[in-house]
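Remarks on the structure that follows.
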Amino acid sequence: MSMTSSLHVSARRTALRPFNYVRASNPNAAARTVAGNPRAKFLAGGTNLVDLMKEDIERPNELVDLTRLPLKEIRPLRGGVSIGALATNSETANHPLIRNNYPLLTQAIVAGASAQLRNMATNGGNLLQRTRCYYFYDIQMPCNKREPGSGCGAREGLNRIHAIFGWSDSCVATYPGDMANALYALDAIVRIRRADGSERTIPVVDFHRLPGDTPQKDTNLEHGELITAIELPKSNFAKSSYYLKVRDRASYAFALVSVAAALELDGDRVRNARVVIGSVAHKPWRSAEAEAALVRQRANEGSFREAAAAAFAGAKPLEHNRYKVDLGIRAVTRALMRAGGL
Ligand SMILES: Cc1cc2nc3c(=O)[nH]c(=O)nc-3n(C[C@H](O)[C@H](O)[C@H](O)COP(=O)(O)OP(=O)(O)OC[C@H]3O[C@@H](n4cnc5c(N)ncnc54)[C@H](O)[C@@H]3O)c2cc1C
Ligand code: SF4
């Protein structure tokens, strides 16, 4: 048995801790119930939360089931589209408004998990999925994200799948999801309902956090705030985008490196570009360096390779993940080539 799997297996519990189950009748009531109990959590598809409860990592004493709330609609909005937080990943990926206008999002979603999981998993839950760091999953090991102040097992331990950008000595974990990488490239907005019934929005690029000294906080969402929708503005990237996921196995595995690449072309020149790299930081890593290097350049392999090198110039690999730099440069180049139709 590899060290990785033995770390994982040793943490397994056989029984869930007791919790109170409530079915939310409307979004405001759901937000109020969770806001009023620091140990309550929202339950959507349960594909991440229930797993973490079985591993004794998440220990809510109350689950507020969102699945009957009317937050599943995918509809046109101001030239773009609004995607309900409770729409499943499958419904979202297959919807004509998404397939036709935001193919990058469809590609990113179907690159994740399995068909069965995507039928259960919701868009809100997907954004909030937690890291796949081995030490986070093993309650015998130190982990500042799971138990603040206990240390970081991965910083000097096995860190092959960990971050090369934006990490701190407190935490070197990555955000592992696929869908969010496309949402970052598409300038999505996250719509949120609070316990008092008011709403606020967060640009998705500001939704996840870097770890700093508080890695236990994955996002800038406050306890009790309910995601109601994800909004996508009208996009000029539909014709030239590509999602590339590099992983250890061809299916059913999280990315080692992934790339959401999108180009707006003016003849053979790049007018505008998005390069978002996944599984290299505590949040999807939008590369301002790569994007700046692409604008006004000819869309060809040479300029794509230079942009990819610019994206990784500031990488700070750990002991076991230096390979992510070369792999990442090749992945960004290839994703841009595909996006540009080359
Ligand atoms: C074997 C396996 C393989 C996987 N592979 C991939 C992969 O390759 N790529 C990938 O991207 N993902 C992958 N996933 C993760 C999967 O996509 C997520 O588990 C799923 O998207 C979570 O959605 P959910 O609705 O089940 O969330 P839940 O598990 O119900 O909830 C997750 C978290 O979000 C909170 N939450 C849920 N909805 C809301 C809301 N509306 N507002 C506020 N908080 C909310 C919950 O309280 C909880 O904290 C995999 C999962 C498994 C089990
Ligand atoms: S990298 Fe983060 S999640 Fe992993 S052990 Fe360190 S603190 Fe925990």
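Going through the structure tokens in order, the chains are called A, B, and so on, while each chain numbers its residues from 1 and the ligands are numbered from 1 in the order shown.
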
(request) Please run DSSP on the backbone and report, as a PyMOL selection string, all residues within stretch 245-277 of chain A that come out as strand (DSSP E). (result) chain A and resi 245-246+257-266+269-277

(message) Set the distance at 10 Å and use only C-alpha atoms: which residues neighbour stretch 36-44 of chain A once local chain neighbours fewer than 6 positions away are removed? I'd like the list as a PyMOL selection string.
(response) chain A and resi 19-24+30+50+58-69+85-88+120-126+195+223-226

(request) Compile the contact shell of stretch 252-260 of chain A as a PyMOL selection string: residues with an atom at most 8 Å away, counting only C-alpha atoms, same-chain residues fewer than 6 positions apart removed. (result) chain A and resi 104+108+112-114+161+176-178+181-182+185+241-246+274-280+324+327-328+331-332+335

(request) Kindly provide, as a ChimeraX atom specification, all nucleotide and amino acid residues lying within 8 Å of ligand 2, counting only C-alpha atoms and all ligand atoms. (result) /A:131-136,141-146,151-155,159,162,170-174,211,215-216

Got time to write the residues from that selection, N, CA, C and O atoms, as a tab-separated table (two decimals), in the first residue's frame?
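Saved the output as part30.tsv:
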chain	number	residue	atom	x	y	z
A	131	THR	N	-10.36	20.90	-0.22
A	131	THR	CA	-9.13	20.40	-0.82
A	131	THR	C	-9.04	18.86	-0.74
A	131	THR	O	-9.69	18.24	0.11
A	132	ARG	N	-8.22	18.30	-1.59
A	132	ARG	CA	-7.96	16.85	-1.55
A	132	ARG	C	-6.60	16.55	-0.94
A	132	ARG	O	-6.07	15.45	-1.12
A	133	CYS	N	-6.02	17.49	-0.21
A	133	CYS	CA	-4.75	17.25	0.50
A	133	CYS	C	-4.88	16.00	1.37
A	133	CYS	O	-5.82	15.87	2.15
A	134	TYR	N	-3.90	15.08	1.25
A	134	TYR	CA	-3.99	13.80	1.99
A	134	TYR	C	-4.05	14.03	3.50
A	134	TYR	O	-4.69	13.29	4.23
A	135	TYR	N	-3.32	15.05	3.96
A	135	TYR	CA	-3.23	15.28	5.41
A	135	TYR	C	-4.52	15.87	5.96
A	135	TYR	O	-4.87	15.64	7.11
A	136	PHE	N	-5.21	16.63	5.13
A	136	PHE	CA	-6.52	17.15	5.52
A	136	PHE	C	-7.49	16.00	5.78
A	136	PHE	O	-8.33	16.05	6.67
A	141	MET	N	-3.23	13.30	11.49
A	141	MET	CA	-2.10	14.13	11.05
A	141	MET	C	-2.37	15.61	11.34
A	141	MET	O	-3.52	16.04	11.39
A	142	PRO	N	-1.27	16.39	11.52
A	142	PRO	CA	-1.48	17.84	11.72
A	142	PRO	C	-2.01	18.48	10.44
A	142	PRO	O	-1.58	18.12	9.34
A	143	CYS	N	-2.92	19.40	10.59
A	143	CYS	CA	-3.46	20.12	9.43
A	143	CYS	C	-4.12	21.41	9.93
A	143	CYS	O	-5.13	21.36	10.63
A	144	ASN	N	-3.54	22.55	9.56
A	144	ASN	CA	-4.08	23.85	9.99
A	144	ASN	C	-5.45	24.13	9.41
A	144	ASN	O	-6.22	24.90	9.97
A	145	LYS	N	-5.75	23.55	8.28
A	145	LYS	CA	-7.07	23.79	7.68
A	145	LYS	C	-8.15	23.06	8.48
A	145	LYS	O	-9.22	23.60	8.74
A	146	ARG	N	-7.86	21.83	8.87
A	146	ARG	CA	-8.84	21.05	9.62
A	146	ARG	C	-8.85	21.46	11.09
A	146	ARG	O	-9.89	21.58	11.72
A	151	GLY	N	-0.46	22.74	12.77
A	151	GLY	CA	0.67	22.58	11.85
A	151	GLY	C	0.20	22.12	10.48
A	151	GLY	O	-0.98	21.82	10.29
A	152	CYS	N	1.15	22.06	9.55
A	152	CYS	CA	0.83	21.63	8.18
A	152	CYS	C	1.66	20.39	7.86
A	152	CYS	O	2.88	20.48	7.71
A	153	GLY	N	0.99	19.25	7.75
A	153	GLY	CA	1.72	18.01	7.45
A	153	GLY	C	2.38	18.02	6.08
A	153	GLY	O	3.43	17.43	5.87
A	154	ALA	N	1.78	18.74	5.15
A	154	ALA	CA	2.26	18.69	3.76
A	154	ALA	C	3.44	19.61	3.50
A	154	ALA	O	4.20	19.37	2.55
A	155	ARG	N	3.61	20.65	4.32
A	155	ARG	CA	4.67	21.64	4.02
A	155	ARG	C	6.03	20.95	3.87
A	155	ARG	O	6.77	21.23	2.95
A	159	ASN	N	4.16	16.35	-0.81
A	159	ASN	CA	3.44	17.50	-1.37
A	159	ASN	C	3.43	17.48	-2.90
A	159	ASN	O	3.45	18.52	-3.54
A	162	HIS	N	0.42	19.40	-4.40
A	162	HIS	CA	0.13	20.66	-3.71
A	162	HIS	C	0.47	21.90	-4.56
A	162	HIS	O	0.77	21.80	-5.74
A	170	SER	N	1.61	28.13	6.49
A	170	SER	CA	0.47	27.53	7.20
A	170	SER	C	-0.26	26.48	6.37
A	170	SER	O	-0.88	25.57	6.93
A	171	CYS	N	-0.22	26.60	5.05
A	171	CYS	CA	-0.99	25.68	4.20
A	171	CYS	C	-0.51	25.76	2.75
A	171	CYS	O	-0.36	26.85	2.20
A	172	VAL	N	-0.28	24.59	2.16
A	172	VAL	CA	0.17	24.52	0.76
A	172	VAL	C	-0.85	23.77	-0.10
A	172	VAL	O	-0.52	23.25	-1.17
A	173	ALA	N	-2.10	23.72	0.37
A	173	ALA	CA	-3.13	22.95	-0.33
A	173	ALA	C	-3.57	23.64	-1.62
A	173	ALA	O	-3.38	24.84	-1.79
A	174	THR	N	-4.19	22.87	-2.50
A	174	THR	CA	-4.79	23.44	-3.71
A	174	THR	C	-6.31	23.32	-3.64
A	174	THR	O	-6.85	22.43	-2.98
A	211	PRO	N	-4.28	31.02	1.37
A	211	PRO	CA	-4.36	30.52	2.76
A	211	PRO	C	-3.88	31.51	3.82
A	211	PRO	O	-4.49	31.60	4.89
A	215	PRO	N	-5.86	29.30	6.91
A	215	PRO	CA	-6.24	28.36	5.85
A	215	PRO	C	-7.54	27.63	6.11
A	215	PRO	O	-8.10	27.00	5.20
A	216	GLN	N	-8.03	27.70	7.36
A	216	GLN	CA	-9.32	27.05	7.65
A	216	GLN	C	-10.45	27.71	6.87
A	216	GLN	O	-11.52	27.14	6.70

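The shortest atom-to-atom distance to ligand 1, with only C-alpha atoms and all ligand atoms taken into account, belongs to A:Gly45 out of A:Gly45, A:Pro18, A:Gly340, A:Pro96.
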
(message) So that I can check the secondary structure, give me every residue of stretch 73-213 of chain A assigned helix (DSSP H, G or I) by backbone DSSP, as a ChimeraX atom specification.
(response) /A:89-94,96-101,103-110,115-120,123-127,179-185,204-206

(request) Find, counting only C-alpha atoms and all ligand atoms, the residue in A:Phe237, A:Tyr102, A:Trp167, A:Phe207 that gets nearest to ligand 1. (result)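 When distances to ligand 1 are compared using only C-alpha atoms and all ligand atoms, the smallest one comes from A:Phe207.
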
(request) Kindly give the distance, in Å, that separates atom CA of A:Ile83 and atom CA of A:Leu97, rounded to a single decimal. (result)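 One can read the atom CA of A:Ile83 to atom CA of A:Leu97 distance as 9.9 Å.
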
(message) To one decimal place in Å, what is the distance between atom CA of A:Ala15 and atom CA of A:Thr219?
(response)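 About the pair atom CA of A:Ala15 and atom CA of A:Thr219: they are 28.8 Å apart.
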
(message) So, with only C-alpha atoms as the atoms that count, which of A:Glu91, A:Ala250, A:Glu222, A:Asp326 lies closest to A:Arg194?
(response)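 Under the stated criterion, the closest residue is A:Glu222.
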
(request) Mind giving me the straight-line distance from atom CA of A:Thr214 to atom 24 (P, counted along the ligand's line) of ligand 1 in Å, one decimal? (result) 23.8 Å

(request) May I ask which of the residues A:Arg338, A:Arg32, A:Arg249, A:Lys234 is the closest one to A:Glu301, counting only C-alpha atoms? (result)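 Closest to A:Glu301, using only C-alpha atoms: A:Arg338.
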
(request) Tell me which protein, DNA and RNA residues are within 7 Å of A:Ala311, counting only C-alpha atoms, leaving out same-chain ones fewer than 3 positions away, and put them as a list of chain:residue names. (result)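 Answer for this query is A:Ser287, A:Glu289, A:Ala290, A:Ala307, A:Ala308.
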
(request) Check the smallest atom-to-atom distance from each of A:Ala293, A:Ala288, A:Ala229, A:Val81 to A:Arg271 using only C-alpha atoms, then report the winner. (result) A:Ala293

(request) Just the residues within 8 Å of A:Gly80, please, counting only C-alpha atoms, with nothing from its chain fewer than 6 positions along; format it as a list in words. (result) Glu231, Leu232, Pro233, Lys234 and Ser235 of chain A

(message) Which residue is closest to ligand 1? Choose from A:Leu221, A:Leu158, A:Ile139, A:Ile189 and count only C-alpha atoms and all ligand atoms.
(response)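 Under the stated criterion, the closest residue is A:Leu221.
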